[in-house]
$ cat start-v7.cif   # mmCIF, C-alpha atoms
data_structure
loop_
_atom_site.label_atom_id
_atom_site.label_comp_id
_atom_site.auth_asym_id
_atom_site.auth_seq_id
_atom_site.Cartn_x
_atom_site.Cartn_y
_atom_site.Cartn_z
CA MET P 1 0.00 0.00 0.00
CA ALA P 2 1.25 3.49 -0.86
CA GLU P 3 2.52 5.68 1.97
CA VAL P 4 0.43 8.87 1.91
CA ARG P 5 1.23 11.85 4.12
CA VAL P 6 -1.29 14.68 4.58
CA GLU P 7 -0.32 18.29 5.23
CA ILE P 8 -2.96 20.84 6.28
CA ALA P 9 -2.23 24.33 4.97
CA SER P 10 -3.97 27.45 6.25
CA SER P 11 -2.02 30.05 4.29
CA MET P 12 -0.87 30.80 0.75
CA LEU P 13 0.08 27.78 -1.36
CA GLY P 14 3.29 27.64 -3.36
CA ILE P 15 2.55 24.45 -5.28
CA ALA P 16 1.91 25.62 -8.84
CA GLY P 17 4.26 23.05 -10.36
CA GLU P 18 3.05 20.20 -8.18
CA TRP P 19 -0.56 21.11 -8.94
CA ALA P 20 0.05 21.19 -12.70
CA ASP P 21 1.57 17.71 -12.45
CA LEU P 22 -1.40 16.41 -10.43
CA ALA P 23 -3.93 18.00 -12.81
CA ARG P 24 -2.40 16.04 -15.69
CA ARG P 25 -3.13 12.79 -13.84
CA ALA P 26 -6.43 13.60 -12.13
CA ALA P 27 -9.83 15.10 -12.93
CA ALA P 28 -9.20 18.76 -12.13
CA ASN P 29 -11.60 21.14 -10.39
CA VAL P 30 -11.11 24.87 -10.96
CA PHE P 31 -12.54 25.64 -7.51
CA MET P 32 -9.70 23.63 -5.95
CA ASP P 33 -7.04 25.24 -8.16
CA PRO P 34 -4.27 26.86 -6.06
CA THR P 35 -4.83 30.11 -7.97
CA THR P 36 -8.44 30.15 -6.78
CA LEU P 37 -7.45 29.19 -3.23
CA ASN P 38 -4.64 31.74 -3.05
CA THR P 39 -7.12 34.45 -4.08
CA VAL P 40 -9.29 33.40 -1.13
CA PHE P 41 -6.26 33.53 1.18
CA ASP P 42 -5.13 36.90 -0.21
CA THR P 43 -8.54 38.53 0.25
CA ALA P 44 -9.40 36.72 3.51
CA PHE P 45 -12.69 35.87 1.81
CA ALA P 46 -13.01 32.66 3.85
CA MET P 47 -11.10 30.81 6.56
CA LEU P 48 -9.46 28.06 4.52
CA HIS P 49 -7.92 24.73 5.43
CA VAL P 50 -6.32 22.95 2.47
CA LEU P 51 -5.54 19.26 2.72
CA LEU P 52 -2.54 18.27 0.63
CA ALA P 53 -1.79 14.57 0.20
CA TRP P 54 1.74 13.56 -0.74
CA ASP P 55 3.16 10.26 -1.92
CA ALA P 56 5.89 9.85 0.67
CA GLY P 57 7.41 6.97 -1.27
CA THR P 58 8.96 9.28 -3.87
CA THR P 59 11.85 11.73 -3.61
CA PRO P 60 10.81 14.48 -3.53
CA PRO P 61 7.27 13.62 -2.38
CA ARG P 62 4.70 13.89 -5.16
CA LEU P 63 1.34 15.65 -4.75
CA VAL P 64 -1.43 13.05 -5.11
CA GLY P 65 -4.44 14.85 -3.67
CA LEU P 66 -5.90 18.24 -2.72
CA TRP P 67 -9.14 19.06 -0.94
CA ALA P 68 -9.98 22.52 0.37
CA PHE P 69 -12.53 23.47 3.02
CA GLN P 70 -13.66 26.68 4.62
CA GLU P 71 -14.33 26.77 8.33
CA ALA P 72 -17.86 27.89 9.09
CA SER P 73 -20.59 27.56 11.69
CA ILE P 74 -24.31 26.97 11.47
CA THR P 75 -25.04 29.78 13.94
CA PRO P 76 -22.82 32.46 15.51
CA PHE P 77 -22.57 30.15 18.51
CA GLY P 78 -21.64 26.97 16.63
CA PRO P 79 -21.18 24.14 16.11
CA ALA P 80 -18.29 24.76 13.74
CA TYR P 81 -17.75 22.56 10.71
CA LEU P 82 -15.53 22.17 7.66
CA LEU P 83 -17.43 23.18 4.55
CA ALA P 84 -16.66 22.33 0.95
CA PRO P 85 -16.69 24.06 -1.53
CA PRO P 86 -14.09 26.37 -0.01
CA ASN P 87 -15.86 29.69 -0.69
CA ASP P 88 -19.40 30.90 -1.33
CA TYR P 89 -18.79 31.34 -5.08
CA SER P 90 -17.52 27.82 -5.71
CA PHE P 91 -20.01 25.32 -7.07
CA LEU P 92 -18.18 21.99 -7.09
CA SER P 93 -16.58 20.46 -3.99
CA THR P 94 -15.02 17.34 -5.51
CA PRO P 95 -11.42 16.80 -4.35
CA VAL P 96 -8.66 16.43 -6.92
CA VAL P 97 -7.01 13.05 -6.38
CA ASP P 98 -4.63 10.92 -8.41
CA PRO P 99 -6.74 7.88 -9.45
CA ALA P 100 -3.86 5.54 -8.55
CA PHE P 101 -4.08 6.73 -4.91
CA MET P 102 -7.82 7.38 -4.60
CA HIS P 103 -8.76 5.20 -1.64
CA GLU P 104 -5.53 5.77 0.27
CA VAL P 105 -5.83 9.55 -0.10
CA MET P 106 -9.48 9.76 0.96
CA ALA P 107 -8.81 7.65 4.04
CA ALA P 108 -5.74 9.75 4.85
CA PHE P 109 -7.73 12.99 4.49
CA LEU P 110 -10.27 11.86 7.09
CA ALA P 111 -7.56 10.56 9.41
CA ALA P 112 -5.73 13.89 9.23
CA ILE P 113 -8.86 15.87 10.11
CA ALA P 114 -9.65 13.52 12.98
CA ALA P 115 -6.11 13.81 14.36
CA ASP P 116 -5.83 17.62 14.15
CA ARG P 117 -7.16 19.07 17.42
CA SER P 118 -7.62 22.52 15.91
CA LEU P 119 -10.08 21.38 13.23
CA PRO P 120 -13.82 20.78 13.57
CA LYS P 121 -14.84 17.15 13.17
CA LEU P 122 -18.10 17.93 11.41
CA ILE P 123 -17.75 17.92 7.61
CA ARG P 124 -20.37 19.51 5.36
CA VAL P 125 -19.95 18.77 1.68
CA LYS P 126 -22.11 20.47 -0.97
CA TYR P 127 -22.06 19.95 -4.73
CA LEU P 128 -20.00 16.75 -4.61
CA ASP P 129 -19.93 15.12 -8.04
CA GLY P 130 -21.96 12.00 -7.35
CA GLN P 131 -20.64 10.27 -10.47
CA SER P 132 -16.98 10.77 -9.62
CA GLU P 133 -14.58 8.15 -8.30
CA ALA P 134 -13.74 10.57 -5.49
CA SER P 135 -17.31 10.58 -4.15
CA VAL P 136 -17.39 6.77 -4.08
CA ALA P 137 -14.05 6.69 -2.24
CA PHE P 138 -15.18 9.37 0.23
CA LEU P 139 -18.34 7.50 1.17
CA ALA P 140 -16.36 4.27 1.48
CA ALA P 141 -13.80 5.95 3.75
CA LEU P 142 -16.57 7.29 5.99
CA SER P 143 -18.11 3.83 6.29
CA GLU P 144 -14.74 2.21 7.01
CA ARG P 145 -14.23 4.65 9.89
CA GLY P 146 -17.74 4.00 11.19
CA ALA P 147 -18.38 7.75 10.91
CA ARG P 148 -21.89 9.09 11.28
CA HIS P 149 -23.02 10.57 8.00
CA ARG P 150 -26.17 11.28 6.05
CA VAL P 151 -26.98 12.44 2.54
CA LEU P 152 -29.02 15.62 2.82
CA SER P 153 -29.99 15.86 -0.83
CA GLU P 154 -29.22 14.55 -4.30
CA LYS P 155 -29.65 16.85 -7.27
CA SER P 156 -29.02 16.84 -10.98
CA ARG P 157 -27.81 19.83 -12.91
CA PRO P 158 -27.15 20.50 -16.59
CA PHE P 159 -23.94 19.05 -17.97
CA VAL P 160 -22.84 18.59 -21.54
CA SER P 161 -19.92 16.92 -23.29
CA ARG P 162 -18.70 16.46 -26.84
CA GLU P 163 -20.25 12.98 -26.71
CA GLY P 164 -23.75 14.32 -26.07
CA GLY P 165 -26.15 16.32 -23.96
CA ILE P 166 -27.17 19.15 -26.32
CA LYS P 167 -30.83 19.41 -27.24
CA THR P 168 -30.91 19.15 -31.02
CA SER P 169 -34.65 19.20 -31.64
CA GLY P 170 -37.98 20.07 -30.05
CA SER P 171 -39.75 23.27 -29.10
CA THR P 172 -36.77 24.72 -27.22
CA ARG P 173 -34.47 24.35 -30.20
CA LYS P 174 -37.11 25.82 -32.50
CA LYS P 175 -37.62 28.82 -30.23
CA MET P 176 -33.87 29.46 -29.98
CA ARG P 177 -33.54 29.46 -33.76
CA GLN P 178 -36.40 31.95 -33.95
CA ASP P 179 -34.88 34.15 -31.22
CA TRP P 180 -31.49 34.14 -32.96
CA ASN P 181 -33.04 35.05 -36.31
CA ARG P 182 -35.10 37.86 -34.76
CA LEU P 183 -32.06 39.21 -32.92
CA SER P 184 -29.95 39.05 -36.09
CA ALA P 185 -32.64 40.98 -37.92
CA ALA P 186 -32.43 43.72 -35.28
CA GLY P 187 -28.75 44.43 -35.92
CA ALA P 188 -25.22 43.03 -36.17
CA VAL P 189 -24.78 40.19 -33.68
CA ASP P 190 -21.36 39.10 -32.47
CA ILE P 191 -19.75 37.04 -29.71
CA ALA P 192 -16.40 37.96 -28.15
CA ASN P 193 -14.57 35.68 -25.71
CA ASP P 194 -10.99 36.84 -25.17
CA PRO P 195 -9.20 36.20 -21.83
CA ALA P 196 -6.82 39.06 -22.67
CA ALA P 197 -9.73 41.54 -22.62
CA ILE P 198 -11.16 40.30 -19.36
CA GLU P 199 -10.79 43.46 -17.23
CA ASP P 200 -13.28 45.49 -19.26
CA ALA P 201 -15.53 42.46 -19.76
CA ILE P 202 -15.67 41.86 -15.99
CA GLU P 203 -17.02 45.36 -15.43
CA VAL P 204 -19.61 44.89 -18.19
CA PHE P 205 -20.77 41.68 -16.53
CA LEU P 206 -20.88 43.19 -13.03
CA ALA P 207 -22.90 46.20 -14.17
CA MET P 208 -25.29 44.04 -16.20
CA GLU P 209 -25.85 41.67 -13.27
CA ALA P 210 -26.48 44.57 -10.86
CA ALA P 211 -29.01 46.10 -13.25
CA GLY P 212 -31.07 42.90 -13.32
CA TRP P 213 -33.13 40.91 -10.84
CA LYS P 214 -30.10 40.01 -8.72
CA GLY P 215 -29.40 43.68 -8.21
CA ARG P 216 -33.00 44.27 -7.18
CA GLN P 217 -32.82 41.38 -4.71
CA GLY P 218 -29.45 42.49 -3.36
CA THR P 219 -27.66 39.31 -4.43
CA ALA P 220 -25.58 40.69 -7.30
CA LEU P 221 -21.83 40.72 -6.75
CA LEU P 222 -21.81 44.52 -6.71
CA SER P 223 -24.32 44.45 -3.85
CA LYS P 224 -21.43 43.57 -1.55
CA PRO P 225 -18.10 45.35 -2.16
CA THR P 226 -16.12 42.47 -0.65
CA ASP P 227 -17.78 39.99 -3.00
CA ALA P 228 -17.17 42.18 -6.04
CA ASP P 229 -13.52 42.65 -5.06
CA PHE P 230 -13.06 38.92 -4.65
CA ALA P 231 -14.69 38.20 -8.01
CA ARG P 232 -12.53 40.77 -9.82
CA ARG P 233 -9.33 39.40 -8.32
CA LEU P 234 -10.31 35.79 -8.89
CA LEU P 235 -11.16 36.28 -12.55
CA LYS P 236 -8.06 38.37 -13.27
CA ASN P 237 -5.80 35.86 -11.52
CA LEU P 238 -7.31 32.90 -13.37
CA ALA P 239 -7.35 34.76 -16.70
CA ALA P 240 -3.61 35.41 -16.35
CA GLU P 241 -3.27 31.62 -16.64
CA ARG P 242 -5.96 31.39 -19.33
CA LYS P 243 -8.34 29.75 -16.86
CA ALA P 244 -11.10 32.36 -17.05
CA SER P 245 -12.83 34.57 -19.61
CA VAL P 246 -15.99 36.63 -19.96
CA ALA P 247 -17.89 36.06 -23.19
CA LEU P 248 -20.09 38.89 -24.44
CA LEU P 249 -23.01 38.74 -26.84
CA THR P 250 -23.27 42.11 -28.59
CA LEU P 251 -25.88 43.75 -30.78
CA ASP P 252 -24.45 46.52 -32.95
CA GLY P 253 -21.46 46.56 -30.61
CA ARG P 254 -23.53 46.87 -27.41
CA PRO P 255 -23.22 43.99 -24.90
CA ILE P 256 -26.62 42.44 -24.17
CA ALA P 257 -25.51 39.24 -22.40
CA ALA P 258 -22.41 38.12 -20.53
CA GLN P 259 -21.22 34.65 -19.57
CA VAL P 260 -18.34 34.19 -17.14
CA LEU P 261 -16.38 31.04 -17.92
CA LEU P 262 -13.80 29.20 -15.83
CA TYR P 263 -11.52 26.42 -17.09
CA ALA P 264 -9.67 23.44 -15.64
CA GLY P 265 -7.90 21.18 -18.11
CA ASP P 266 -10.44 20.26 -20.80
CA MET P 267 -13.42 21.21 -18.59
CA ALA P 268 -15.24 24.55 -18.79
CA TYR P 269 -17.60 25.95 -16.13
CA THR P 270 -20.40 28.43 -16.87
CA TRP P 271 -19.84 30.25 -13.58
CA LYS P 272 -22.09 33.33 -13.83
CA THR P 273 -24.55 34.70 -16.39
CA ALA P 274 -26.18 38.10 -16.85
CA PHE P 275 -28.25 39.75 -19.56
CA ASP P 276 -29.72 43.14 -20.43
CA GLU P 277 -33.41 42.94 -19.55
CA ALA P 278 -34.27 45.36 -22.34
CA TYR P 279 -33.57 42.45 -24.71
CA ALA P 280 -35.24 39.74 -22.64
CA LYS P 281 -37.67 38.82 -25.42
CA TYR P 282 -34.71 37.37 -27.36
CA SER P 283 -33.50 35.18 -24.44
CA PRO P 284 -29.94 36.50 -24.95
CA GLY P 285 -28.42 34.53 -22.05
CA ALA P 286 -29.62 31.23 -23.48
CA LEU P 287 -28.52 32.20 -27.00
CA LEU P 288 -25.04 33.08 -25.76
CA VAL P 289 -24.63 29.79 -23.88
CA ASP P 290 -25.88 27.83 -26.88
CA LYS P 291 -23.41 29.43 -29.28
CA LEU P 292 -20.57 29.20 -26.75
CA THR P 293 -21.16 25.48 -26.34
CA GLU P 294 -20.27 24.92 -29.98
CA GLN P 295 -17.26 27.27 -29.80
CA LEU P 296 -15.87 25.67 -26.66
CA PHE P 297 -16.05 22.18 -28.09
CA ASP P 298 -14.36 23.41 -31.28
CA SER P 299 -11.54 24.87 -29.13
CA GLY P 300 -10.76 21.53 -27.44
CA ILE P 301 -13.03 21.64 -24.37
CA ALA P 302 -14.39 18.14 -23.68
CA ALA P 303 -17.22 18.94 -21.25
CA ILE P 304 -19.04 21.88 -19.68
CA GLU P 305 -20.27 22.00 -16.07
CA SER P 306 -23.19 24.39 -15.72
CA CYS P 307 -22.76 25.35 -12.02
CA SER P 308 -26.52 25.87 -12.35
CA PRO P 309 -29.26 25.01 -9.85
CA GLU P 310 -32.14 22.76 -10.77
CA GLY P 311 -34.70 24.71 -12.75
CA GLY P 312 -32.16 27.05 -14.36
CA PHE P 313 -32.43 28.00 -18.02
CA MET P 314 -29.60 25.63 -18.99
CA GLU P 315 -31.96 22.72 -18.38
CA ARG P 316 -33.80 23.92 -21.50
CA VAL P 317 -30.61 24.21 -23.55
CA TRP P 318 -28.86 20.98 -22.48
CA GLN P 319 -30.46 17.62 -21.82
CA GLY P 320 -27.33 16.12 -20.24
CA ARG P 321 -27.30 15.89 -16.43
CA ARG P 322 -24.68 15.42 -13.71
CA GLU P 323 -25.63 14.24 -10.23
CA THR P 324 -24.41 16.14 -7.17
CA ILE P 325 -24.62 15.10 -3.53
CA ASP P 326 -24.93 17.23 -0.38
CA LEU P 327 -24.00 15.43 2.81
CA LEU P 328 -23.01 15.87 6.44
CA ALA P 329 -20.49 13.69 8.30
CA ASP P 330 -19.04 13.53 11.79
CA ILE P 331 -15.64 11.90 12.08
CA GLY P 332 -15.19 12.73 15.75
CA ALA P 333 -15.58 10.21 18.58
CA GLY P 334 -17.19 12.62 21.01
CA ASN P 335 -20.69 13.79 21.82
CA PRO P 336 -23.08 13.35 18.86
CA VAL P 337 -25.19 16.37 19.85
CA GLY P 338 -23.31 18.70 17.51
CA TYR P 339 -23.93 16.34 14.61
CA ALA P 340 -27.64 16.09 15.42
CA VAL P 341 -27.96 19.89 15.64
CA ALA P 342 -26.09 20.33 12.38
CA ALA P 343 -28.18 17.69 10.61
CA LEU P 344 -31.42 19.33 11.70
CA ALA P 345 -30.24 22.82 10.75
CA GLU P 346 -28.95 21.76 7.35
CA SER P 347 -32.11 19.79 6.54
CA SER P 348 -34.20 22.84 7.44
CA ARG P 349 -31.97 25.08 5.35
CA THR P 350 -32.21 22.74 2.37
CA GLU P 351 -36.01 22.71 2.50
CA ALA P 352 -36.13 26.51 2.86
CA LYS P 353 -33.88 26.90 -0.17
CA LYS P 354 -36.09 24.59 -2.23
CA LEU P 355 -39.11 26.70 -1.33
CA ARG P 356 -37.24 29.91 -2.18
CA ASP P 357 -36.17 28.54 -5.57
CA ARG P 358 -39.73 27.44 -6.38
CA LEU P 359 -41.09 30.88 -5.51
CA ARG P 360 -38.32 32.58 -7.46
CA ALA P 361 -39.04 30.40 -10.50
CA LEU P 362 -42.65 31.56 -10.43
CA THR P 363 -41.51 35.17 -10.85
CA TRP P 364 -39.69 34.16 -14.05
CA LEU P 365 -42.69 32.56 -15.72
CA PRO P 366 -44.00 34.39 -18.79
CA LYS P 367 -47.05 36.49 -18.08
CA ARG P 368 -48.13 36.95 -21.70
CA LYS P 369 -47.37 35.25 -24.97
CA SER P 370 -45.90 38.50 -26.17
CA SER P 371 -43.38 38.50 -23.31
CA PRO P 372 -41.49 35.17 -23.43
CA ALA P 373 -39.50 34.10 -20.40
CA ALA P 374 -36.10 35.67 -20.24
CA ALA P 375 -32.96 33.60 -19.85
CA LYS P 376 -32.34 33.36 -16.13
CA VAL P 377 -29.05 34.09 -14.37
CA SER P 378 -27.13 31.16 -12.95
#

$ encode --input "start-v7.cif" --output "structure tokens"
Amino acid sequence: MAEVRVEIASSMLGIAGEWADLARRAAANVFMDPTTLNTVFDTAFAMLHVLLAWDAGTTPPRLVGLWAFQEASITPFGPAYLLAPPNDYSFLSTPVVDPAFMHEVMAAFLAAIAADRSLPKLIRVKYLDGQSEASVAFLAALSERGARHRVLSEKSRPFVSREGGIKTSGSTRKKMRQDWNRLSAAGAVDIANDPAAIEDAIEVFLAMEAAGWKGRQGTALLSKPTDADFARRLLKNLAAERKASVALLTLDGRPIAAQVLLYAGDMAYTWKTAFDEAYAKYSPGALLVDKLTEQLFDSGIAAIESCSPEGGFMERVWQGRRETIDLLADIGAGNPVGYAVAALAESSRTEAKKLRDRLRALTWLPKRKSSPAAAKVS
């Protein structure tokens, strides 16, 4: 059995080379990328703990796994827990692990958390890729330890690959062709997606998002200066490594929809979407995503993760789905009260969020035939 050593880092990571080597061997996750995590550290956007697994049998040791958590609490008075994804604008919590070391690394991660007296023993994992080898190994490691754990919810969200998942026929496809033709008749339509021009494109996206329903609800990035600052830094830092871009759909040179894209290896992530509500009748957000899907596959991208909740507009564009799991685990040997409190609170929160999303979806339904539903923001 391989000898795996786990280091827990709570400050800036200097492992760019080691990460690049691991990402060539493992399914990468842009939200676990050291560039993303170092932006969180640099802005103090969350209290991070990064688990780094090393193959101690090589000289020098080789990075074989990375899993990042933020430390959070259910209420101001606790109990505290480790939460993945590692910040509030990450939408996939799957660890990045060398397949040759999968089970050893997952077991070593849990052992390291259990042994570190400074870390909470409750683990809350959201948006875990339920179809990944890592999720299977994580659940197996919990069972092997006899750890209390429960799945809080299982969801599916839009996902598409070169092999399939795009809707090629039906009423949605017909409507999108009609919308594109009507938009093209209104003026010159173009799509720009250049990482080198990201600074200006970021500001276009932020302003467009703030002018829409998220701005009215106070959930746009610009609604909170700290969130906007984090987003700007994150996108600029990733774009410097060609891991982020902001695609713009323009009409006669004026941006009417923006799609923020993140990249990890041959995977793209449709992180955030915004559109100009004055052009809602054309569904510009959906049109932009549809055209980008083709462009991304032509550029070498193998699959696209929507980062979208159930009920989002991408469900109408893509028929492919990816399962995600939300779960709670307790790897401590102490009093189970904290786990019980956390389980109850998280179950209540999950149900409240479902209700909120259902009510929000109702506000997006078309009121008249002459006012078709606008493409929603992810």

$ resolve_selection --input "start-v7.cif" --expression "the PyMOL selection byres ((chain P and resi 288) around 12)" --output "PyMOL selection string"
chain P and resi 176+179-180+183+189-193+246-251+255-261+270+273-275+282-287+289-296+313-314+317+375

$ closest_atom_pairs --input "start-v7.cif" --of "stretch 258-342 of chain P" --to "stretch 127-145 of chain P" --cutoff "10 Å" --atoms "all atoms listed in the file" --output "tab-separated table"
residue	atom	partner	partner_atom	distance
P:Cys307	CA	P:Tyr127	CA	9.1
P:Arg322	CA	P:Gln131	CA	7.3
P:Glu323	CA	P:Gly130	CA	5.2
P:Thr324	CA	P:Asp129	CA	4.7
P:Ile325	CA	P:Leu128	CA	5.0
P:Asp326	CA	P:Tyr127	CA	5.9
P:Leu327	CA	P:Leu128	CA	8.5
P:Ala329	CA	P:Leu142	CA	7.9
P:Asp330	CA	P:Leu142	CA	8.9
P:Ile331	CA	P:Leu142	CA	7.7

$ atom_distance --input "start-v7.cif" --atom1 "atom CA of P:Ala84" --atom2 "atom CA of P:Trp67"
8.4 Å

$ resolve_selection --input "start-v7.cif" --expression "the PyMOL selection byres ((chain P and resi 2) around 12)" --output "PDB file with C-alpha atoms, keeping the file's coordinate frame"
ATOM      1  CA  MET P   1       0.000   0.000   0.000  1.00  0.00           C
ATOM      2  CA  GLU P   3       2.520   5.680   1.970  1.00  0.00           C
ATOM      3  CA  VAL P   4       0.430   8.870   1.910  1.00  0.00           C
ATOM      4  CA  ARG P   5       1.230  11.850   4.120  1.00  0.00           C
ATOM      5  CA  ALA P  53      -1.790  14.570   0.200  1.00  0.00           C
ATOM      6  CA  TRP P  54       1.740  13.560  -0.740  1.00  0.00           C
ATOM      7  CA  ASP P  55       3.160  10.260  -1.920  1.00  0.00           C
ATOM      8  CA  ALA P  56       5.890   9.850   0.670  1.00  0.00           C
ATOM      9  CA  GLY P  57       7.410   6.970  -1.270  1.00  0.00           C
ATOM     10  CA  THR P  58       8.960   9.280  -3.870  1.00  0.00           C
ATOM     11  CA  PRO P  61       7.270  13.620  -2.380  1.00  0.00           C
ATOM     12  CA  ARG P  62       4.700  13.890  -5.160  1.00  0.00           C
ATOM     13  CA  VAL P  64      -1.430  13.050  -5.110  1.00  0.00           C
ATOM     14  CA  ALA P 100      -3.860   5.540  -8.550  1.00  0.00           C
ATOM     15  CA  PHE P 101      -4.080   6.730  -4.910  1.00  0.00           C
ATOM     16  CA  MET P 102      -7.820   7.380  -4.600  1.00  0.00           C
ATOM     17  CA  HIS P 103      -8.760   5.200  -1.640  1.00  0.00           C
ATOM     18  CA  GLU P 104      -5.530   5.770   0.270  1.00  0.00           C
ATOM     19  CA  VAL P 105      -5.830   9.550  -0.100  1.00  0.00           C
ATOM     20  CA  ALA P 107      -8.810   7.650   4.040  1.00  0.00           C
ATOM     21  CA  ALA P 108      -5.740   9.750   4.850  1.00  0.00           C
TER      22      ALA P 108
END

$ resolve_selection --input "start-v7.cif" --expression "the PyMOL selection byres ((chain P and resi 91) around 10)" --output "PyMOL selection string"
chain P and resi 29-31+84-90+92-94+126-128+269+271+305-309

$ atom_distance --input "start-v7.cif" --atom1 "atom CA of P:His49" --atom2 "atom CA of P:Ser10"
4.9 Å

$ closest_residue --input "start-v7.cif" --among "P:Val40, P:Ala244, P:Met267, P:Leu122" --to "P:Ile301" --atoms "only C-alpha atoms"
P:Met267

$ atom_distance --input "start-v7.cif" --atom1 "atom CA of P:Ile304" --atom2 "atom CA of P:Arg321"
10.7 Å

$ closest_residue --input "start-v7.cif" --among "P:Gly65, P:Pro120, P:Pro195, P:Gly332" --to "P:Pro95" --atoms "only C-alpha atoms"
P:Gly65

$ residues_around --input "start-v7.cif" --residues "stretch 235-242 of chain P" --least-positions-apart "3" --cutoff "9 Å" --atoms "only C-alpha atoms" --output "PyMOL selection string"
chain P and resi 35-36+39+195-196+198-199+202+230-232+245-246+260+262-263

$ build_atoms --input "start-v7.cif" --residues "stretch 304-323 of chain P" --atoms "N, CA and C atoms" --output "JSON list (two decimals), in the frame of the given file"
[["chain", "number", "residue", "atom", "x", "y", "z"],
["P", 304, "ILE", "N", -18.70, 20.60, -20.30],
["P", 304, "ILE", "CA", -19.04, 21.88, -19.68],
["P", 304, "ILE", "C", -19.94, 21.61, -18.48],
["P", 305, "GLU", "N", -19.51, 22.08, -17.32],
["P", 305, "GLU", "CA", -20.27, 22.00, -16.07],
["P", 305, "GLU", "C", -21.05, 23.29, -15.91],
["P", 306, "SER", "N", -22.35, 23.19, -15.71],
["P", 306, "SER", "CA", -23.19, 24.39, -15.72],
["P", 306, "SER", "C", -23.09, 25.24, -14.46],
["P", 307, "CYS", "N", -22.72, 24.63, -13.32],
["P", 307, "CYS", "CA", -22.76, 25.35, -12.02],
["P", 307, "CYS", "C", -24.16, 25.91, -11.76],
["P", 308, "SER", "N", -25.17, 25.31, -12.37],
["P", 308, "SER", "CA", -26.52, 25.87, -12.35],
["P", 308, "SER", "C", -27.43, 25.07, -11.45],
["P", 309, "PRO", "N", -28.31, 25.73, -10.70],
["P", 309, "PRO", "CA", -29.26, 25.01, -9.85],
["P", 309, "PRO", "C", -30.33, 24.33, -10.70],
["P", 310, "GLU", "N", -31.02, 23.37, -10.09],
["P", 310, "GLU", "CA", -32.14, 22.76, -10.77],
["P", 310, "GLU", "C", -33.17, 23.84, -11.12],
["P", 311, "GLY", "N", -33.71, 23.73, -12.32],
["P", 311, "GLY", "CA", -34.70, 24.71, -12.75],
["P", 311, "GLY", "C", -34.12, 25.88, -13.51],
["P", 312, "GLY", "N", -32.78, 25.96, -13.63],
["P", 312, "GLY", "CA", -32.16, 27.05, -14.36],
["P", 312, "GLY", "C", -32.39, 26.92, -15.86],
["P", 313, "PHE", "N", -32.12, 28.01, -16.59],
["P", 313, "PHE", "CA", -32.43, 28.00, -18.02],
["P", 313, "PHE", "C", -31.60, 26.98, -18.79],
["P", 314, "MET", "N", -30.43, 26.58, -18.26],
["P", 314, "MET", "CA", -29.60, 25.63, -18.99],
["P", 314, "MET", "C", -30.25, 24.25, -19.10],
["P", 315, "GLU", "N", -31.22, 23.97, -18.24],
["P", 315, "GLU", "CA", -31.96, 22.72, -18.38],
["P", 315, "GLU", "C", -32.73, 22.69, -19.70],
["P", 316, "ARG", "N", -33.06, 23.87, -20.23],
["P", 316, "ARG", "CA", -33.80, 23.92, -21.50],
["P", 316, "ARG", "C", -32.85, 23.87, -22.69],
["P", 317, "VAL", "N", -31.59, 24.19, -22.46],
["P", 317, "VAL", "CA", -30.61, 24.21, -23.55],
["P", 317, "VAL", "C", -29.90, 22.86, -23.67],
["P", 318, "TRP", "N", -29.58, 22.26, -22.52],
["P", 318, "TRP", "CA", -28.86, 20.98, -22.48],
["P", 318, "TRP", "C", -29.76, 19.92, -21.86],
["P", 319, "GLN", "N", -29.72, 18.72, -22.41],
["P", 319, "GLN", "CA", -30.46, 17.62, -21.82],
["P", 319, "GLN", "C", -29.56, 16.72, -20.98],
["P", 320, "GLY", "N", -28.24, 16.89, -21.07],
["P", 320, "GLY", "CA", -27.33, 16.12, -20.24],
["P", 320, "GLY", "C", -27.43, 16.55, -18.78],
["P", 321, "ARG", "N", -27.22, 15.60, -17.86],
["P", 321, "ARG", "CA", -27.30, 15.89, -16.43],
["P", 321, "ARG", "C", -26.11, 15.27, -15.69],
["P", 322, "ARG", "N", -25.73, 15.91, -14.60],
["P", 322, "ARG", "CA", -24.68, 15.42, -13.71],
["P", 322, "ARG", "C", -25.24, 15.44, -12.29],
["P", 323, "GLU", "N", -25.09, 14.33, -11.58],
["P", 323, "GLU", "CA", -25.63, 14.24, -10.23],
["P", 323, "GLU", "C", -24.67, 14.87, -9.22]]
